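Structure record follows, encoded as structure tokens.
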Amino acid sequence: MYRTHTCGELRIGDTGKTVTLAGWVQKSRKLGGMTFIDLRDRYGITQLVVEADAPADLVETATSLGREYVIQATGEVVERQSKNPKMATGEVEIRLSGINILNKSVTPPFTIEDESDGGEDIRAKYRYLDLRRNPLKEALTLRHRIAHETRNYLDSKGFMEIETPYLIKSTPEGARDFVVPSRMNPGQFYALPQSPQTFKQLLMVAGYDRYFQIVRCFRDEDLRADRQPEFTQIDCEMSFVEQEDVLGMFEGMMRTLFKNVLDVEIPSPLPRMSWFDAMDRYGSDKPDVRFGMEIHEITAMVQGKGFSVFDSAPYVGAICAQGCANYTRKQLDALTEWVKRPQVGAKGLVYIKMGEDGIKSSVDKFYTPEDLGAIAQNLGAKTGDLILILCGDKRKTQNQLGVLRLEMGGRLGLRNPKVFAPLWIVDFPLLEWDDETQRFYAMHHPFTAPKPEHMDLFYSNKKEDLEQVCANAYDFVLNGNELGGGSIRIHDAEVQKRMFEVLGIGAEEAQYKFGFIINAFQFGAPPHGGLAFGFDRVCALFGGSDSIRDYIAFPKNNQGRDVMIDSPSEIDQVQLDELQIDIKKN
Ligand code: ASP
């Protein structure tokens with residue numbers, strides 16, 4: 001037996017016991033002839049001590065230990081002279097009678113401490129060492145607990161966990177597919193699933209009316225900060241349900257997770273907001289409702305006063321940043337530059353300062369104090385506040401105001417990661433028009449059903465009609481993040497065909513790409529719907545972080561690389577030949 005206890009286990013009540021521990025040497029130090037060793041494993045740290053009068057070979061072994069050596073140590077649990085209340089095992093130490101070095105370690109490239117001295121790159125390269133550190137251990141422990149609670153909840157509701165294949169055909173979730181060449185079928189490729197969407201729907205056709213899977217998904221997207229090319233979803237589907245059933249089931253799940261993992265109560269029922277409201281009031285389909293600072297449209301109030309920028313804008317909107325009237329000229333200039341960055345994309349910024357000494361704005365030339373006062377009143381602005389105004393195309397400007405709102409909310413400390421404000425966004429438009437390609441795209445995905453009351457519009461050939469079609473689609477939003485989303489699905493082969501037609505996917509192409517699901521719908525597909533949660537992000541937000549990378553054991557970096565195993569990498573000519581693949585050399 002390698003050990004009788006873990007390094008996090010022993011307490012004052014264990015004094016007098018002879019124990020054996022195994023773990024990694026966190027550090028060792030000599031003090032007045034005695035050697036102290038901090039021994040670490042997943043469960044904690046226990047202090048070991050080799051007395052000055054211990055046998056010489058034991059003292060020598062103790063002295064020879066380097067950081068991260070793996071040892072087995074036997075001795076008696078004794079009460080510590082100087083206790084460490086910060087450590088769970090801080091009241092005891094082990095007076096050693098033997099040390100067995102199980103393995104040596106070279107000096108690690110960074111310190112295995114809560115605050116490591118290693119930079120991000122070196123820690124990524126030695127991820128297995130980074131994972132020895134407490135913050136990452138806690139992150140993975142949290143992830144495990146959330147997975148466990150998720151399975152418990154869904155099992156208790158009759159959901160079956162069913163695996164679906166990874167080597168499949170393209171699933172359209174709006175990103176590019178990762179593809180895998182098939183050696184046995186030269187010139188042909190599998191796609192890795194962007195989600196198990198079509199398979200879970202086929203499981204519904206098969207009669208497994210409550211399905212879930214904690215499943216890896218793959219999307220070859222341009223990597224924005226904090227995106228991973230492979231990520232994990234809690235993927236779920238149910239039959240014989242309406243939107244209400246799905247929302248009820250999964251807010252129940254989130255409520256259970258919040259309660260059991262964080263001991264946090266979330267409102268019941270959860271607030272809901274329509275997509276249109278979210279866009280108008282927060283400039284985002286994933287509003288952070290931990291704070292107000294809502295967007296107000298002031299187009300009518302500012303037009304016709306001679307300010308041509310506003311006069312020619314289809315939309316003018318504003319937010320009120322409380323207590324920011326003391327922004328200096330320099331700060332306002334910097335903020336103007338900030339909104340002009342491509343990431344925000346505004347052309348300029350107009351402000352109104354609600355100063356102690358009266359209202360001042362960057363457009364005083366055009367507006368009387370009464371005009372400005374009326375705008376202030378519309379926004380509920382008080383003395384000391386700062387009103388920020390943007391203008392342009394309606395949705396674009398709302399979006400920019402939304403980004404500015406988040407920035408100001410952050411500056412004002414209104415985005416506390418320990419405060420949780422979940423809500424459902426509902427009533428999404430079914431389709432989104434893309435000017436560039438002159439066609440509609442599915443806002444969620446092409447399997448999402450139009451609302452029954454919008455069926456007539458859905459069969460219209462007019463763009464304006466189709467733009468108005470709403471879907472029974474919903475997103476679970478938390479603190480400005482989309483944590484999950486789903487919809488009631490199309491279960492009628494004819495409606496599905498119409499959907500492909502609306503999306504400009506010809507009958508032949510639809511049959512080639514999605515024939516399997518259209519065919520399946522002919523064999524008694526039940527009404528069904530579901531959703532998927534982004535599991536990595538659920539973990540990160542529960543952990544109070546906005547980086548999912550810390551919650552994934554072996555993540556990729558911003559360039560989609562795993563620097564530890566150095567992947568992606570070239571493959572042998574032999575492999576290429578087997579696959580009948582030639583690499584184009586430019
Ligand atoms: N497959 C969808 C997604 O990955 C979720 C769903 O509609 O259930 O976003």
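Simple scheme: letters A, B, ... for chains in structure tokens order, numbers from 1 for residues in each chain, numbers from 1 for ligands in the order shown.
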- Message: For range 346-353 of chain A, find every residue with an atom within 7 Å (counting only C-alpha atoms), except residues of its own chain fewer than 4 positions away, and show them as a list in words.
- Response: Ala325, Thr336, Val339, Lys340, Ile359, Lys360, Ser361, Ser362, Asp385, Leu386, Ile387, Leu388, Ile389, Leu390 and Gln400 of chain A
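Distances to ligand 1 were evaluated for A:Pro196, A:Gly380, A:Pro422, A:Pro429 using only C-alpha atoms and all ligand atoms, and the minimum falls at A:Pro196.
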Residues of chain A at most 6 Å from ligand 1: nearest atom pair and distance in Å, only C-alpha atoms and all ligand atoms, as a Markdown table:
| residue | atom | partner | partner_atom_place_in_ligand_line | distance |
| --- | --- | --- | --- | --- |
| A:Ser195 | CA | ligand 1 | 4 (O) | 5.0 |
| A:Gln197 | CA | ligand 1 | 1 (N) | 4.6 |
| A:Gly485 | CA | ligand 1 | 5 (C) | 5.5 |
| A:Gly486 | CA | ligand 1 | 7 (O) | 3.6 |
| A:Ser487 | CA | ligand 1 | 7 (O) | 5.4 |
| A:Gly530 | CA | ligand 1 | 8 (O) | 4.9 |
| A:Leu531 | CA | ligand 1 | 8 (O) | 3.2 |
| A:Ala532 | CA | ligand 1 | 5 (C) | 4.4 |
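Proximity of A:Tyr315, A:Glu237, A:Gly402, A:Asp222 to Gly207 in chain A, computed with only C-alpha atoms, is greatest for A:Glu237.
The shortest atom-to-atom distance to Ile581 in chain A, with only C-alpha atoms taken into account, belongs to A:Gly187 out of A:Lys104, A:Phe291, A:Gly187, A:Asn152.
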- DSSP strand (DSSP E) residues within range 179-240 of chain A, listed as a count of residues only: 25
- Computed gap from CA of Ala381 in chain A to CA of Ala300 in chain A is 18.2 Å
- Item | Non-local contacts of Thr61 in chain A (10 Å; only C-alpha atoms; under 6 positions in same chain excluded) as a PyMOL selection string | chain A and resi 50+98-101
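Reported to one decimal place, the separation of CA of Tyr153 in chain A from CA of Asp263 in chain A is 15.7 Å.
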Near-Asn519 in chain A list (9 Å; only C-alpha atoms; drop same-chain fewer than 5 positions) as a PDB file with N, CA, C and O atoms, in the first residue's frame:
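File written: around.pdb
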ATOM      1  N   ALA A 493     -41.482  17.030 -42.563  1.00  0.00           N
ATOM      2  CA  ALA A 493     -40.544  17.001 -43.694  1.00  0.00           C
ATOM      3  C   ALA A 493     -40.804  18.154 -44.668  1.00  0.00           C
ATOM      4  O   ALA A 493     -39.866  18.761 -45.191  1.00  0.00           O
ATOM      5  N   GLN A 511     -31.111  17.457 -50.272  1.00  0.00           N
ATOM      6  CA  GLN A 511     -31.211  16.000 -50.233  1.00  0.00           C
ATOM      7  C   GLN A 511     -29.830  15.385 -49.994  1.00  0.00           C
ATOM      8  O   GLN A 511     -29.667  14.469 -49.195  1.00  0.00           O
ATOM      9  N   PHE A 514     -28.796  16.757 -46.268  1.00  0.00           N
ATOM     10  CA  PHE A 514     -29.674  16.497 -45.123  1.00  0.00           C
ATOM     11  C   PHE A 514     -30.766  15.494 -45.449  1.00  0.00           C
ATOM     12  O   PHE A 514     -31.756  15.411 -44.737  1.00  0.00           O
TER      13      PHE A 514
END
- Pick from A:Arg537, A:Arg11, A:Arg272, A:Lys305 nearest to Ala139 in chain A, counting only C-alpha atoms: A:Arg537
- Query: Can you list, as a ChimeraX atom specification, every protein, DNA or RNA residue that comes within 8 Å of range 443-460 of chain A when you count only C-alpha atoms, leaving out same-chain residues fewer than 6 positions away?
  - Reply: /A:172-174,428-432,466,468-473,486-490,496,498-500
Would you save the residues from that selection as an mmCIF file, in the first residue's frame, using C-alpha atoms?
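The result, stored in result_32.cif:
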data_model
loop_
_atom_site.group_PDB
_atom_site.id
_atom_site.type_symbol
_atom_site.label_atom_id
_atom_site.label_comp_id
_atom_site.auth_asym_id
_atom_site.auth_seq_id
_atom_site.Cartn_x
_atom_site.Cartn_y
_atom_site.Cartn_z
ATOM 1 C CA PRO A 172 -24.735 23.459 -39.892
ATOM 2 C CA GLU A 173 -24.258 25.602 -36.800
ATOM 3 C CA GLY A 174 -22.851 28.508 -38.700
ATOM 4 C CA PHE A 428 -35.939 35.354 -31.756
ATOM 5 C CA PRO A 429 -36.394 36.155 -35.406
ATOM 6 C CA LEU A 430 -36.175 32.915 -37.380
ATOM 7 C CA LEU A 431 -34.052 34.382 -40.152
ATOM 8 C CA GLU A 432 -31.327 36.917 -40.605
ATOM 9 C CA LEU A 466 -39.848 36.470 -44.015
ATOM 10 C CA GLN A 468 -40.905 39.093 -39.542
ATOM 11 C CA VAL A 469 -41.101 35.376 -38.883
ATOM 12 C CA CYS A 470 -40.243 34.585 -35.269
ATOM 13 C CA ALA A 471 -39.097 31.269 -33.884
ATOM 14 C CA ASN A 472 -39.736 29.413 -30.691
ATOM 15 C CA ALA A 473 -36.080 29.833 -29.955
ATOM 16 C CA GLY A 486 -32.127 26.018 -28.294
ATOM 17 C CA SER A 487 -35.467 25.873 -29.982
ATOM 18 C CA ILE A 488 -38.569 23.937 -30.815
ATOM 19 C CA ARG A 489 -37.709 22.063 -33.996
ATOM 20 C CA ILE A 490 -39.306 21.452 -37.289
ATOM 21 C CA GLN A 496 -38.053 21.354 -43.291
ATOM 22 C CA ARG A 498 -39.388 24.864 -47.125
ATOM 23 C CA MET A 499 -36.767 25.977 -44.612
ATOM 24 C CA PHE A 500 -33.949 24.834 -46.862
#
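For the choices A:Tyr43, A:Phe533, A:Trp338, A:Tyr2, the atom-to-atom distance to Gln72 in chain A is smallest for A:Tyr2 when using only C-alpha atoms.
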- Message: Just the number, please: distance in Å from CA of Ala225 in chain A to CA of Asn558 in chain A, one decimal.
- Response: 6.5 Å
- Point out the residue among A:Tyr208, A:Phe199, A:Phe535, A:Phe440 with the least atom-to-atom distance to Lys463 in chain A, counting only C-alpha atoms. A:Phe440
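By chain and then residue number, the residues within 9 Å of Trp433 in chain A are Gln438, Arg439, Phe440, Tyr441, Ala442, Lys463 and Glu467 of chain A, counting only C-alpha atoms and disregarding those fewer than 5 positions away in sequence.
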